[in-house]
$ cat start36.txt   # compact mmCIF, C-alpha atoms
# COMPACT_ATOMS: atom_id res chain seq x y z
CA MET X 1 102.36 105.87 130.59
CA LYS X 2 100.69 109.27 130.62
CA TYR X 3 101.04 111.26 127.41
CA GLN X 4 100.89 114.99 126.92
CA ALA X 5 98.07 116.33 124.78
CA GLU X 6 98.84 117.17 121.17
CA LYS X 7 99.70 120.75 120.25
CA VAL X 8 98.46 120.90 116.65
CA TRP X 9 97.47 117.51 115.26
CA ARG X 10 96.61 113.93 116.19
CA LEU X 11 95.68 110.85 114.13
CA GLU X 12 94.24 107.55 115.36
CA GLY X 13 92.99 104.57 113.41
CA ASP X 14 93.94 101.41 111.50
CA PHE X 15 97.36 100.58 110.04
CA LEU X 16 98.47 98.04 107.44
CA GLU X 17 101.97 97.13 106.34
CA SER X 18 103.03 94.79 103.55
CA CYS X 19 106.57 94.03 102.40
CA ASN X 20 108.49 91.46 100.38
CA CYS X 21 110.44 89.96 103.31
CA ASN X 22 109.97 86.38 104.41
CA VAL X 23 107.81 86.04 107.52
CA THR X 24 108.78 87.67 109.78
CA CYS X 25 110.54 90.85 108.69
CA PRO X 26 114.06 91.02 110.22
CA CYS X 27 114.11 94.81 109.84
CA ALA X 28 111.65 94.96 112.73
CA VAL X 29 112.43 91.79 114.69
CA ASN X 30 116.03 90.74 115.25
CA SER X 31 118.64 90.43 118.00
CA THR X 32 120.35 93.81 117.57
CA GLY X 33 117.63 96.45 117.13
CA ASN X 34 115.25 98.03 114.65
CA ASN X 35 116.59 98.32 111.08
CA THR X 36 120.01 96.84 111.86
CA ILE X 37 119.69 93.70 109.69
CA PRO X 38 119.08 93.71 105.91
CA ALA X 39 115.72 92.77 104.44
CA THR X 40 115.56 89.11 103.42
CA GLU X 41 115.65 90.01 99.70
CA GLY X 42 118.30 92.72 100.12
CA HIS X 43 115.80 95.42 99.22
CA CYS X 44 112.32 96.32 100.42
CA ASP X 45 109.06 96.69 98.51
CA LEU X 46 106.98 98.40 101.19
CA ILE X 47 103.28 99.26 101.29
CA LEU X 48 101.90 101.25 104.23
CA ALA X 49 98.30 102.33 104.66
CA PHE X 50 96.44 104.30 107.33
CA HIS X 51 92.73 104.86 107.88
CA ILE X 52 92.09 107.79 110.22
CA GLU X 53 89.21 106.90 112.50
CA LYS X 54 89.63 110.09 114.51
CA GLY X 55 91.97 112.93 113.66
CA HIS X 56 92.46 116.64 113.29
CA PHE X 57 94.96 119.31 112.28
CA GLU X 58 94.24 122.42 114.28
CA GLU X 59 90.49 122.87 113.71
CA ILE X 60 90.42 120.79 110.51
CA ASP X 61 88.67 117.44 110.98
CA LEU X 62 90.58 114.58 109.31
CA SER X 63 88.35 111.73 110.51
CA ASP X 64 87.38 108.97 108.06
CA LEU X 65 90.16 109.76 105.56
CA THR X 66 92.68 107.22 104.31
CA PHE X 67 96.21 107.57 102.94
CA SER X 68 98.92 105.22 101.74
CA ILE X 69 102.70 105.44 101.41
CA VAL X 70 104.39 103.02 99.02
CA SER X 71 108.17 102.84 99.04
CA TYR X 72 111.09 101.06 97.43
CA SER X 73 114.25 100.85 99.53
CA ALA X 74 117.33 99.63 97.66
CA GLY X 75 118.95 98.58 100.94
CA PRO X 76 121.15 97.23 102.29
CA LEU X 77 119.39 98.53 105.43
CA MET X 78 116.03 100.22 105.77
CA SER X 79 117.75 102.99 107.74
CA VAL X 80 119.58 104.20 104.60
CA PRO X 81 117.84 107.33 103.22
CA ASN X 82 117.59 106.06 99.64
CA TRP X 83 113.85 105.37 99.42
CA SER X 84 111.63 106.08 96.42
CA MET X 85 108.28 107.02 97.97
CA GLY X 86 104.79 107.48 96.60
CA TYR X 87 102.07 109.19 98.65
CA TYR X 88 98.38 108.65 97.91
CA ILE X 89 95.80 110.81 99.67
CA ASP X 90 92.09 110.01 99.89
CA ASP X 91 90.33 111.65 96.95
CA ARG X 92 87.40 112.49 99.25
CA ALA X 93 89.56 115.00 101.12
CA THR X 94 88.69 118.67 100.72
CA ASP X 95 91.46 121.03 99.62
CA GLU X 96 91.83 122.10 103.25
CA GLN X 97 92.08 118.50 104.47
CA TYR X 98 94.52 117.59 101.69
CA ALA X 99 96.79 120.53 102.57
CA ALA X 100 96.73 119.52 106.25
CA LEU X 101 97.65 115.90 105.47
CA GLU X 102 100.37 117.03 103.08
CA LYS X 103 101.92 119.17 105.80
CA ILE X 104 101.75 116.28 108.31
CA LEU X 105 103.11 113.62 105.95
CA LYS X 106 105.98 115.77 104.70
CA GLY X 107 107.15 116.11 108.30
CA GLU X 108 106.47 119.83 108.46
CA ALA X 109 104.35 119.57 111.62
CA GLY X 110 106.32 117.14 113.82
CA GLY X 111 105.57 113.59 114.93
CA CYS X 112 106.26 110.20 113.30
CA PRO X 113 106.19 111.45 109.71
CA VAL X 114 109.34 113.54 110.25
CA GLY X 115 111.54 110.45 110.46
CA LEU X 116 109.63 108.57 107.79
CA TYR X 117 109.80 111.34 105.20
CA ALA X 118 113.51 111.83 105.90
CA TYR X 119 114.23 108.42 104.31
CA HIS X 120 113.19 109.63 100.85
CA GLU X 121 115.66 110.13 98.04
CA ARG X 122 112.94 110.50 95.43
CA ILE X 123 109.20 111.20 95.58
CA THR X 124 107.47 109.23 92.82
CA ALA X 125 103.96 110.50 93.59
CA PHE X 126 102.14 112.81 95.95
CA ARG X 127 98.56 112.92 94.75
CA ARG X 128 94.92 112.19 95.33
CA ALA X 129 93.67 108.64 94.74
CA LYS X 130 90.74 106.41 95.60
CA VAL X 131 92.29 104.81 98.71
CA SER X 132 90.36 102.27 100.77
CA LEU X 133 91.52 100.38 103.87
CA VAL X 134 88.93 97.96 105.23
CA ARG X 135 89.17 95.97 108.44
CA LEU X 136 88.33 92.27 108.01
CA ASP X 137 88.08 89.32 110.38
CA ARG X 138 91.73 89.00 111.48
CA GLY X 139 93.00 90.98 108.54
CA MET X 140 92.75 94.09 106.36
CA ARG X 141 92.35 94.93 102.69
CA LEU X 142 93.83 97.92 100.88
CA THR X 143 93.08 99.23 97.41
CA ILE X 144 94.54 102.28 95.65
CA ASP X 145 92.83 103.15 92.35
CA ASP X 146 93.70 100.31 89.99
CA ILE X 147 97.40 100.32 90.91
CA CYS X 148 97.49 98.51 94.26
CA GLU X 149 95.75 95.71 96.09
CA ALA X 150 96.89 94.31 99.44
CA ASN X 151 95.12 91.54 101.34
CA VAL X 152 96.67 90.65 104.70
CA LYS X 153 95.59 87.94 107.13
CA ALA X 154 96.83 87.12 110.63
CA ILE X 155 99.01 84.02 110.83
CA PRO X 156 97.69 81.13 112.96
CA GLY X 157 98.81 81.15 116.59
CA LEU X 158 99.04 78.57 119.35
CA TYR X 159 95.56 79.49 120.62
CA GLU X 160 92.86 79.84 117.99
CA ASP X 161 91.12 82.70 119.79
CA GLU X 162 94.24 84.92 119.87
CA VAL X 163 96.33 86.54 117.16
CA VAL X 164 100.14 86.58 117.18
CA LYS X 165 101.34 90.02 118.28
CA ILE X 166 104.71 91.74 118.21
CA SER X 167 104.94 94.53 120.76
CA ASN X 168 107.25 97.43 121.58
CA ILE X 169 109.41 97.29 118.44
CA HIS X 170 107.57 98.80 115.46
CA PRO X 171 108.08 102.57 115.12
CA LEU X 172 104.69 103.25 113.50
CA ALA X 173 102.38 101.17 115.73
CA VAL X 174 103.07 99.72 119.19
CA ASP X 175 101.28 96.36 119.04
CA VAL X 176 101.30 94.86 115.54
CA VAL X 177 99.62 91.63 114.52
CA GLN X 178 101.90 89.32 112.56
CA ALA X 179 100.21 88.59 109.26
CA VAL X 180 100.93 87.22 105.81
CA ASN X 181 100.05 88.71 102.43
CA GLY X 182 97.38 87.18 100.27
CA ILE X 183 97.26 88.58 96.74
CA THR X 184 99.24 91.82 97.07
CA THR X 185 100.52 93.83 94.11
CA TYR X 186 101.46 97.41 93.21
CA THR X 187 102.31 99.00 89.87
CA ASP X 188 103.14 102.71 89.65
CA GLY X 189 106.07 105.11 89.41
CA GLY X 190 108.16 102.62 87.48
CA PHE X 191 107.83 99.92 90.16
CA ASN X 192 106.08 96.54 90.14
CA PHE X 193 105.68 94.83 93.52
CA ASN X 194 104.33 91.38 94.23
CA ASN X 195 104.33 90.69 97.97
CA THR X 196 101.98 87.71 97.80
CA GLY X 197 102.92 85.13 100.43
CA ARG X 198 105.30 87.52 102.19
CA THR X 199 105.22 89.26 105.54
CA ALA X 200 102.61 91.75 106.68
CA PHE X 201 101.42 93.51 109.83
CA TYR X 202 98.27 95.27 110.89
CA ALA X 203 97.48 97.29 113.99
CA ARG X 204 95.90 100.33 115.56
CA PHE X 205 98.04 103.46 115.36
CA ILE X 206 98.15 106.77 117.20
CA TRP X 207 100.39 109.62 116.05
CA GLN X 208 100.74 113.07 117.59
CA ASP X 209 102.77 116.10 116.63
CA ASN X 210 104.75 116.13 119.89
CA TYR X 211 105.95 112.48 119.81
CA SER X 212 108.47 111.14 117.28
CA THR X 213 107.23 107.56 117.65
CA CYS X 214 103.79 105.99 117.89
CA LEU X 215 101.73 106.10 121.08
CA LYS X 216 100.24 103.12 122.86
CA SER X 217 96.68 102.49 121.81
CA GLU X 218 95.34 102.53 125.36
CA ILE X 219 95.94 106.31 125.55
$ encode --input "start36.txt" --output "structure tokens"
Amino acid sequence: MKYQAEKVWRLEGDFLESCNCNVTCPCAVNSTGNNTIPATEGHCDLILAFHIEKGHFEEIDLSDLTFSIVSYSAGPLMSVPNWSMGYYIDDRATDEQYAALEKILKGEAGGCPVGLYAYHERITAFRRAKVSLVRLDRGMRLTIDDICEANVKAIPGLYEDEVVKISNIHPLAVDVVQAVNGITTYTDGGFNFNNTGRTAFYARFIWQDNYSTCLKSEI
């Protein structure tokens, strides 16, 4: 597929997702479509993280910055706009970079974040933090200040030299690796998550202002 060039902004890099569903998350993978079946626990404790390998907003370089979105969805479906959402922006960002990311993530500049931000009922945080997302051998590790730690590892597949992938279903990244959470906790905004042993994904992501869903990574 040939994509049009972005008009204002574009982000590309690494993506991590952790939630409290059993492996695998039925919100993403089921027989009737995305977000049409309740989470396995009836609610969702969701941790998302993104490291921008290459990115810009107009002439502002956003490369090598990281941000995380942590959400609680009361259910019964993830498509219900009742989420409590906390946004954590890399504390290394300049004021100009922070303002650009804020505009993108609040859905004011088009692209994937428009739909994501629309799910919020309450914003529990939108602030700077020491956010780190590190790629590991068949996994990723996220830390946010002293409030969050997520360690995800690919599940074993049939062939040892290949990871298990789920393709063409996740709205934030096209080809996600099915993973499981190691020690994964979050405490902030009145919420305490423990997703240890539960489902996780990691992937490459590409977002652009002129596409409402993710782009394929071979762009």
$ closest_atom_pairs --input "start36.txt" --of "stretch 191-211 of chain X" --to "stretch 1-19 of chain X" --cutoff "7 Å" --atoms "all atoms listed in the file" --output "tab-separated table"
residue	atom	partner	partner_atom	distance
X:Asn195	CA	X:Cys19	CA	6.0
X:Arg198	CA	X:Cys19	CA	6.6
X:Thr199	CA	X:Cys19	CA	5.9
X:Ala200	CA	X:Ser18	CA	4.4
X:Phe201	CA	X:Glu17	CA	5.1
X:Tyr202	CA	X:Leu16	CA	4.4
X:Ala203	CA	X:Phe15	CA	5.1
X:Arg204	CA	X:Asp14	CA	4.6
X:Phe205	CA	X:Gly13	CA	5.5
X:Ile206	CA	X:Glu12	CA	4.4
X:Trp207	CA	X:Leu11	CA	5.2
X:Gln208	CA	X:Arg10	CA	4.4
X:Asp209	CA	X:Trp9	CA	5.7
X:Asn210	CA	X:Glu6	CA	6.1
$ atom_distance --input "start36.txt" --atom1 "atom CA of X:Val29" --atom2 "atom CA of X:Ala109"
29.1 Å
$ residues_around --input "start36.txt" --residues "X:Gly189" --least-positions-apart "5" --cutoff "8 Å" --atoms "all atoms listed in the file" --output "VMD selection string"
chain X and resid 86 124 to 125
$ closest_residue --input "start36.txt" --among "X:Lys153, X:Arg92, X:His43, X:Arg122" --to "X:Thr184" --atoms "all atoms listed in the file"
X:Lys153
$ closest_atom_pairs --input "start36.txt" --of "stretch 122-179 of chain X" --to "stretch 49-69 of chain X" --cutoff "10 Å" --atoms "only C-alpha atoms" --output "Markdown table"
| residue | atom | partner | partner_atom | distance |
| --- | --- | --- | --- | --- |
| X:Ala125 | CA | X:Ile69 | CA | 9.4 |
| X:Phe126 | CA | X:Ile69 | CA | 9.2 |
| X:Arg128 | CA | X:Phe67 | CA | 9.0 |
| X:Ala129 | CA | X:Phe67 | CA | 8.7 |
| X:Lys130 | CA | X:Thr66 | CA | 9.0 |
| X:Val131 | CA | X:Thr66 | CA | 6.1 |
| X:Ser132 | CA | X:Thr66 | CA | 6.5 |
| X:Leu133 | CA | X:His51 | CA | 6.1 |
| X:Val134 | CA | X:His51 | CA | 8.3 |
| X:Arg135 | CA | X:His51 | CA | 9.6 |
| X:Arg141 | CA | X:Ala49 | CA | 9.7 |
| X:Leu142 | CA | X:Ala49 | CA | 7.3 |
| X:Thr143 | CA | X:Ser68 | CA | 9.4 |
| X:Ile144 | CA | X:Ser68 | CA | 8.1 |
| X:Ala150 | CA | X:Ala49 | CA | 9.7 |
$ residues_around --input "start36.txt" --residues "X:Pro156" --least-positions-apart "5" --cutoff "12 Å" --atoms "all atoms listed in the file" --output "JSON, numbers by chain"
{"X": [138, 139, 161, 162, 163, 164, 165, 177, 178, 179, 180]}
$ atom_distance --input "start36.txt" --atom1 "atom CA of X:Thr196" --atom2 "atom CA of X:Leu136"
17.6 Å
$ closest_residue --input "start36.txt" --among "X:Leu215, X:Leu172, X:Cys25, X:Leu46" --to "X:Gly115" --atoms "all atoms listed in the file"
X:Leu172
$ atom_distance --input "start36.txt" --atom1 "atom CA of X:Asn181" --atom2 "atom CA of X:Gly197"
5.0 Å
$ residues_near_point --input "start36.txt" --point "(112.3, 99.4, 105.3)" --cutoff "7 Å" --atoms "all atoms listed in the file" --output "list in words"
Cys27, Cys44, Leu46, Ser73, Met78 and Ser79 of chain X
$ residues_near_point --input "start36.txt" --point "(108.4, 116.0, 109.4)" --cutoff "12 Å" --atoms "all atoms listed in the file" --output "list in words"
Leu101, Glu102, Lys103, Ile104, Leu105, Lys106, Gly107, Glu108, Ala109, Gly110, Gly111, Cys112, Pro113, Val114, Gly115, Leu116, Tyr117, Ala118, Tyr119, His120, Gln208, Asp209, Asn210, Tyr211, Ser212 and Thr213 of chain X
$ closest_residue --input "start36.txt" --among "X:Val174, X:Ile169, X:Ile147, X:Met140" --to "X:Pro26" --atoms "only C-alpha atoms"
X:Ile169
$ closest_residue --input "start36.txt" --among "X:Asp90, X:Glu96, X:Asn192, X:Asn151" --to "X:Asp137" --atoms "all atoms listed in the file"
X:Asn151
$ closest_residue --input "start36.txt" --among "X:Ala173, X:Ile183, X:Cys214, X:Ile166" --to "X:Glu149" --atoms "only C-alpha atoms"
X:Ile183
$ decode --input "start36.txt" --residues "stretch 129-149 of chain X" --atoms "N, CA and C atoms" --output "mmCIF file, in the first residue's frame"
data_model
loop_
_atom_site.group_PDB
_atom_site.id
_atom_site.type_symbol
_atom_site.label_atom_id
_atom_site.label_comp_id
_atom_site.auth_asym_id
_atom_site.auth_seq_id
_atom_site.Cartn_x
_atom_site.Cartn_y
_atom_site.Cartn_z
ATOM 1 N N ALA X 129 7.483 13.491 33.052
ATOM 2 C CA ALA X 129 7.951 12.415 33.921
ATOM 3 C C ALA X 129 9.209 11.816 33.298
ATOM 4 N N LYS X 130 9.956 11.102 34.109
ATOM 5 C CA LYS X 130 11.113 10.374 33.586
ATOM 6 C C LYS X 130 10.573 9.066 33.001
ATOM 7 N N VAL X 131 10.372 9.050 31.678
ATOM 8 C CA VAL X 131 9.781 7.899 30.991
ATOM 9 C C VAL X 131 10.860 7.224 30.149
ATOM 10 N N SER X 132 11.001 5.914 30.333
ATOM 11 C CA SER X 132 12.002 5.158 29.583
ATOM 12 C C SER X 132 11.363 3.900 29.009
ATOM 13 N N LEU X 133 11.538 3.683 27.717
ATOM 14 C CA LEU X 133 11.091 2.452 27.064
ATOM 15 C C LEU X 133 12.297 1.867 26.340
ATOM 16 N N VAL X 134 12.727 0.699 26.796
ATOM 17 C CA VAL X 134 13.939 0.069 26.294
ATOM 18 C C VAL X 134 13.595 -1.238 25.599
ATOM 19 N N ARG X 135 14.146 -1.421 24.406
ATOM 20 C CA ARG X 135 13.956 -2.663 23.677
ATOM 21 C C ARG X 135 14.920 -3.726 24.204
ATOM 22 N N LEU X 136 14.400 -4.912 24.502
ATOM 23 C CA LEU X 136 15.192 -6.031 24.991
ATOM 24 C C LEU X 136 15.162 -7.160 23.973
ATOM 25 N N ASP X 137 15.854 -8.244 24.253
ATOM 26 C CA ASP X 137 15.785 -9.430 23.408
ATOM 27 C C ASP X 137 14.397 -10.043 23.547
ATOM 28 N N ARG X 138 13.582 -9.896 22.497
ATOM 29 C CA ARG X 138 12.206 -10.405 22.483
ATOM 30 C C ARG X 138 11.377 -9.847 23.640
ATOM 31 N N GLY X 139 11.490 -8.547 23.834
ATOM 32 C CA GLY X 139 10.693 -7.913 24.865
ATOM 33 C C GLY X 139 10.985 -6.432 24.973
ATOM 34 N N MET X 140 10.353 -5.760 25.939
ATOM 35 C CA MET X 140 10.579 -4.354 26.214
ATOM 36 C C MET X 140 10.387 -4.096 27.700
ATOM 37 N N ARG X 141 10.986 -3.005 28.162
ATOM 38 C CA ARG X 141 10.849 -2.604 29.560
ATOM 39 C C ARG X 141 10.517 -1.120 29.631
ATOM 40 N N LEU X 142 9.479 -0.809 30.403
ATOM 41 C CA LEU X 142 9.030 0.566 30.604
ATOM 42 C C LEU X 142 9.185 0.947 32.068
ATOM 43 N N THR X 143 9.652 2.172 32.308
ATOM 44 C CA THR X 143 9.592 2.756 33.641
ATOM 45 C C THR X 143 9.089 4.188 33.533
ATOM 46 N N ILE X 144 8.278 4.590 34.515
ATOM 47 C CA ILE X 144 7.792 5.968 34.621
ATOM 48 C C ILE X 144 8.061 6.416 36.053
ATOM 49 N N ASP X 145 8.985 7.353 36.232
ATOM 50 C CA ASP X 145 9.366 7.808 37.576
ATOM 51 C C ASP X 145 9.465 6.593 38.496
ATOM 52 N N ASP X 146 8.841 6.697 39.672
ATOM 53 C CA ASP X 146 8.778 5.551 40.576
ATOM 54 C C ASP X 146 7.354 5.015 40.690
ATOM 55 N N ILE X 147 6.524 5.312 39.661
ATOM 56 C CA ILE X 147 5.109 4.934 39.743
ATOM 57 C C ILE X 147 4.744 3.756 38.843
ATOM 58 N N CYS X 148 5.612 3.417 37.883
ATOM 59 C CA CYS X 148 5.260 2.363 36.940
ATOM 60 C C CYS X 148 6.489 1.599 36.496
ATOM 61 N N GLU X 149 6.314 0.287 36.399
ATOM 62 C CA GLU X 149 7.313 -0.599 35.825
ATOM 63 C C GLU X 149 6.571 -1.654 35.019
#
